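Scroll down for the structure; my scribbles are underneath it.
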Amino acid sequence: MAHAKDLRFDSKCVHSGISDYEFGPVVPPIYQTSTFKFESAEHGAALFKGEAEGYIYTRMKNPTVEAMENAIAELEGGHKSLGCASGMAAISTAFVALLQSGDHVVCSKSVYGPTLTVLETVMSKFGVEATFVNSDIEEEVKAAMKPNTKIVYIETPANPMISISDLEAMAEIAHKQGALLVVDNTFMSPALQQPFKFGADVVVHSMTKYLNGHADVVAGIIVVKDEEMYLKMRKVLNQLGGVIDPFNSFLVHRGLKTLDVRMKKHTENAIEVAEFLENHPKVKWVRYPGLKSHPGYETGLKQHTAHGGMISFELKGGFDAGKIVMDSVKLCILAVSLGGVETLIQHPASMTHLSMGAAARASAGITEGLVRLSVGIENIKDIIADLDQALSTIPS
Ligand SMILES: *Cc1c(COP(=O)(O)O)cnc(C)c1O
């Protein structure tokens with residue numbers, strides 16, 4: 001078989017990370033073992049000294065995990081990757097590996113909530129300072145840079161407004177200051193956007209979402225560009241211990257095989273849903289990177305090859321209308337998370353962000369009628385029919 005490196009992206013999804021195993025299985029076996037037998041005292045010593053290739057202990061290295069890691073590095077166009085127990089394990093491990101006391105981080109305001117909290121409440125305990133900016137406004141990012149800024153951290157597209165930040169511009173600003181650009185690529189996946197091409201230094205993912213794609217795994221990954229960075233990250237991950245396990249690695253690797261077809265179908269469906277919503281009388285506005293009305297539409301076209309499956313929209317009826325729609329959907333599943341084959345719907349004001357209170361929500365841009373949709377791969381007519389009937393239950 002051709003080496004996966006020489007293949008086109010959709011072929012890579014199927015073949016990356018697959019090597020030869022005993023008995024000739026077509027997919028990597030699940031090496032569900034915590035530890036590995038040494039052939040002799042000398043062999044054990046050689047493994048520990050790094051003079052022999054092989055496996056010692058699953059927290060350090062495991063063949064099933066390694067197969068999945070190789071596949072993702074290949075798909076992202078990175079050097080190597082490190083499988084983690086969750087997206088947050090990947091993000092926090094990267095922070096610990098890259099930062100030290102006295103360092104400063106410029107972070108987008110619209111990153112995943114717990115990422116912001118880790119910077120504000122955990123990294124701050126160790127003397128790391130963070131400034132939060134609107135990373136879709138380049139001037140704000142430039143103005144926040146300090147001589148001790150070591151990381152510019154962004155997501156694009158990002159919640160809650162599916163906002164788009166310019167990857168190339170972010171890399172330029174970071175590098176001018178000697179800082180690294182770290183990108184959370186969860187919303188797009190490498191099928192639609194490969195941040196290394198635009199100058200990113202580290203890419204992280206919640207594999208819980210599109211990479212696995214089937215809402216049955218919590219996992220994360222860090223992808224790096226060179227061996228030096230890899231060794232630095234590996235050492236910290238091995239020591240902190242937030243590694244992925246063999247079974248979840250197997251499931252993610254299986255999910256990757258359909259990544260390209262899934263992302264195409266998510267996008268195909270989402271554009272139709274976005275247009276349907278934009279023309280609906282009960283909807284105030286829609287944010288989807290594939291709509292010309294999106295302020296980041298042009299920037300998006302430079303860096304992603306399709307617009308993905310995430311949509312935000314605002315109901316004219318506000319908070320009450322949001323609750324009514326949540327209780328009326330039949331096909332769309334009322335749940336947090338995203339990136340699975342099933343369409344998920346969520347109303348932040350009455351769910352994830354309820355305890356914040358209306359005032360704090362307003363300042364965080366969580367409006368009262370905001371609905372978040374992760375468009376699945378069901379038949380588009382069924383998705384639209386369900387949203388249509390749910391919207392029709394809002395009293396006019
Ligand atoms: C879900 C998510 C995370 C966190 O991932 P977990 O696997 O839940 O720990 C980080 N970033 C983004 C963009 C996410 O959507």
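FYI, nothing fancy with the structure tokens labels: chains A, B, ... in order, residues from 1 per chain, ligands from 1 as they appear.
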Exercise. Per DSSP on the backbone, what are the alpha helix (DSSP H) residues of segment 13-141 of chain A, as a count of residues only?
Worked result: 47
Rows by chain and residue number, chain A within 8 Å of ligand 1, shortest pair, only C-alpha atoms and all ligand atoms, as a Markdown table:
```
| residue | atom | partner | partner_atom_place_in_ligand_line | distance |
| --- | --- | --- | --- | --- |
| A:Ala85 | CA | ligand 1 | 7 (O) | 7.7 |
| A:Ser86 | CA | ligand 1 | 7 (O) | 4.0 |
| A:Gly87 | CA | ligand 1 | 5 (O) | 3.4 |
| A:Met88 | CA | ligand 1 | 9 (O) | 3.9 |
| A:Ala89 | CA | ligand 1 | 9 (O) | 6.4 |
| A:Ala90 | CA | ligand 1 | 9 (O) | 7.8 |
| A:Ile91 | CA | ligand 1 | 10 (C) | 7.5 |
| A:Val111 | CA | ligand 1 | 13 (C) | 6.7 |
| A:Tyr112 | CA | ligand 1 | 11 (N) | 5.0 |
| A:Pro114 | CA | ligand 1 | 4 (C) | 7.4 |
| A:Thr115 | CA | ligand 1 | 10 (C) | 7.0 |
| A:Glu155 | CA | ligand 1 | 13 (C) | 6.7 |
| A:Ala158 | CA | ligand 1 | 13 (C) | 7.0 |
| A:Asn159 | CA | ligand 1 | 13 (C) | 7.9 |
| A:Asp184 | CA | ligand 1 | 13 (C) | 6.1 |
| A:Asn185 | CA | ligand 1 | 13 (C) | 7.0 |
| A:Thr186 | CA | ligand 1 | 13 (C) | 5.0 |
| A:Phe187 | CA | ligand 1 | 13 (C) | 6.0 |
| A:His205 | CA | ligand 1 | 11 (N) | 6.4 |
| A:Ser206 | CA | ligand 1 | 5 (O) | 4.1 |
| A:Met207 | CA | ligand 1 | 7 (O) | 6.1 |
| A:Thr208 | CA | ligand 1 | 7 (O) | 4.8 |
| A:Lys209 | CA | ligand 1 | 1 (C) | 6.6 |
| A:Val218 | CA | ligand 1 | 7 (O) | 5.0 |
| A:Ala219 | CA | ligand 1 | 7 (O) | 5.0 |
| A:Gly220 | CA | ligand 1 | 7 (O) | 5.6 |
| A:Ser337 | CA | ligand 1 | 1 (C) | 6.2 |
| A:Leu338 | CA | ligand 1 | 15 (O) | 6.9 |
```
Write to file, as a tab-separated table (two decimals), in the first residue's frame, the residues of the selection just made, with C-alpha atoms.
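The file below, out03.tsv, is the result:
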```
chain	number	residue	atom	x	y	z
A	85	ALA	CA	-7.79	11.90	28.45
A	86	SER	CA	-9.98	14.84	27.36
A	87	GLY	CA	-9.80	18.10	25.44
A	88	MET	CA	-9.20	19.89	28.74
A	89	ALA	CA	-6.36	17.47	29.60
A	90	ALA	CA	-4.75	18.38	26.27
A	91	ILE	CA	-5.20	22.13	26.79
A	111	VAL	CA	-12.73	30.24	23.89
A	112	TYR	CA	-14.31	27.16	25.47
A	114	PRO	CA	-13.15	25.83	31.02
A	115	THR	CA	-10.07	26.93	29.00
A	155	GLU	CA	-10.32	29.10	18.55
A	158	ALA	CA	-15.56	30.07	18.31
A	159	ASN	CA	-18.60	30.18	20.54
A	184	ASP	CA	-8.00	24.88	19.35
A	185	ASN	CA	-9.20	23.37	16.04
A	186	THR	CA	-12.13	21.41	17.51
A	187	PHE	CA	-14.91	23.17	15.56
A	205	HIS	CA	-8.55	19.34	19.92
A	206	SER	CA	-11.33	17.99	21.97
A	207	MET	CA	-11.53	14.65	20.12
A	208	THR	CA	-14.82	14.18	21.97
A	209	LYS	CA	-16.33	16.24	19.15
A	218	VAL	CA	-14.22	11.90	25.88
A	219	ALA	CA	-10.68	12.50	24.64
A	220	GLY	CA	-8.24	15.16	23.48
A	337	SER	CA	-21.46	19.03	23.32
A	338	LEU	CA	-21.17	18.94	19.53
```
Taking a cut-off of 6 Å and counting only C-alpha atoms, can you build a table that, for each residue of segment 192-310 of chain A near segment 373-392 of chain A, reports the nearest atom pair and how far apart they are in Å (one decimal), sorted by chain then residue number, as a Markdown table?
```
| residue | atom | partner | partner_atom | distance |
| --- | --- | --- | --- | --- |
| A:Lys265 | CA | A:Ile377 | CA | 5.8 |
| A:His266 | CA | A:Ile377 | CA | 5.6 |
| A:Asn269 | CA | A:Ile380 | CA | 5.7 |
| A:Ala270 | CA | A:Val375 | CA | 5.7 |
| A:Gly309 | CA | A:Val375 | CA | 5.1 |
| A:Met310 | CA | A:Ser374 | CA | 4.9 |
```
For this session: Considering only C-alpha atoms, return as a ChimeraX atom specification whatever protein or nucleic-acid residues lie within 9 Å of Ala144 of chain A, sequence-local ones (same chain, fewer than 5 positions apart) excluded.
Result: /A:106,131-133,139,149
Problem set entry | Test item, strand (DSSP E or B) assignment across segment 136-239 of chain A, answer as a PyMOL selection string | chain A and resi 149-155+158+163+180-184+202-206+220-224
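Neighbours of Val96 of chain A closer than or equal to 9 Å, with only C-alpha atoms counted and sequence neighbours fewer than 5 positions away skipped, come out as Ile91, Met123, Met233 and Val236 of chain A.
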Writing out the chosen residues with C-alpha atoms as a PDB file, in the first residue's frame:
```
ATOM      1  CA  ILE A  91      -5.202  22.128  26.793  1.00  0.00           C
ATOM      2  CA  MET A 123      -2.435  28.935  35.839  1.00  0.00           C
ATOM      3  CA  MET A 233       5.185  17.919  25.757  1.00  0.00           C
ATOM      4  CA  VAL A 236       5.052  16.736  30.902  1.00  0.00           C
TER       5      VAL A 236
END
```
Residue contacts of segment 322-333 of chain A (6 Å, only C-alpha atoms) excluding same-chain residues fewer than 5 positions away, as a compact mmCIF listing (two decimals) with C-alpha atoms, in the first residue's frame:
```txt
# COMPACT_ATOMS: atom_id res chain seq x y z
CA THR A 343 -28.15 16.97 15.64
CA LEU A 344 -27.84 18.53 19.11
CA ILE A 345 -29.61 21.68 20.28
CA GLY A 369 -32.89 33.84 22.87
CA ALA A 390 -40.53 23.43 17.01
```
For this session: For each of A:Ala41, A:Leu99, A:Ile162, A:Met68, take the minimum atom-to-atom distance to Phe247 of chain A, counting only C-alpha atoms, then give the residue where this is smallest.
Result: A:Met68
For this session: Please indicate the distance in Å from atom CA of Val202 of chain A to atom CA of Arg59 of chain A, rounded to one decimal place.
Result: 21.7 Å
Problem set entry | Polymer residues at most 9 Å from Ala130 of chain A, only C-alpha atoms, same-chain spacing of 5 or more positions, as a PyMOL selection string | chain A and resi 103-107+119-120+123-124+149
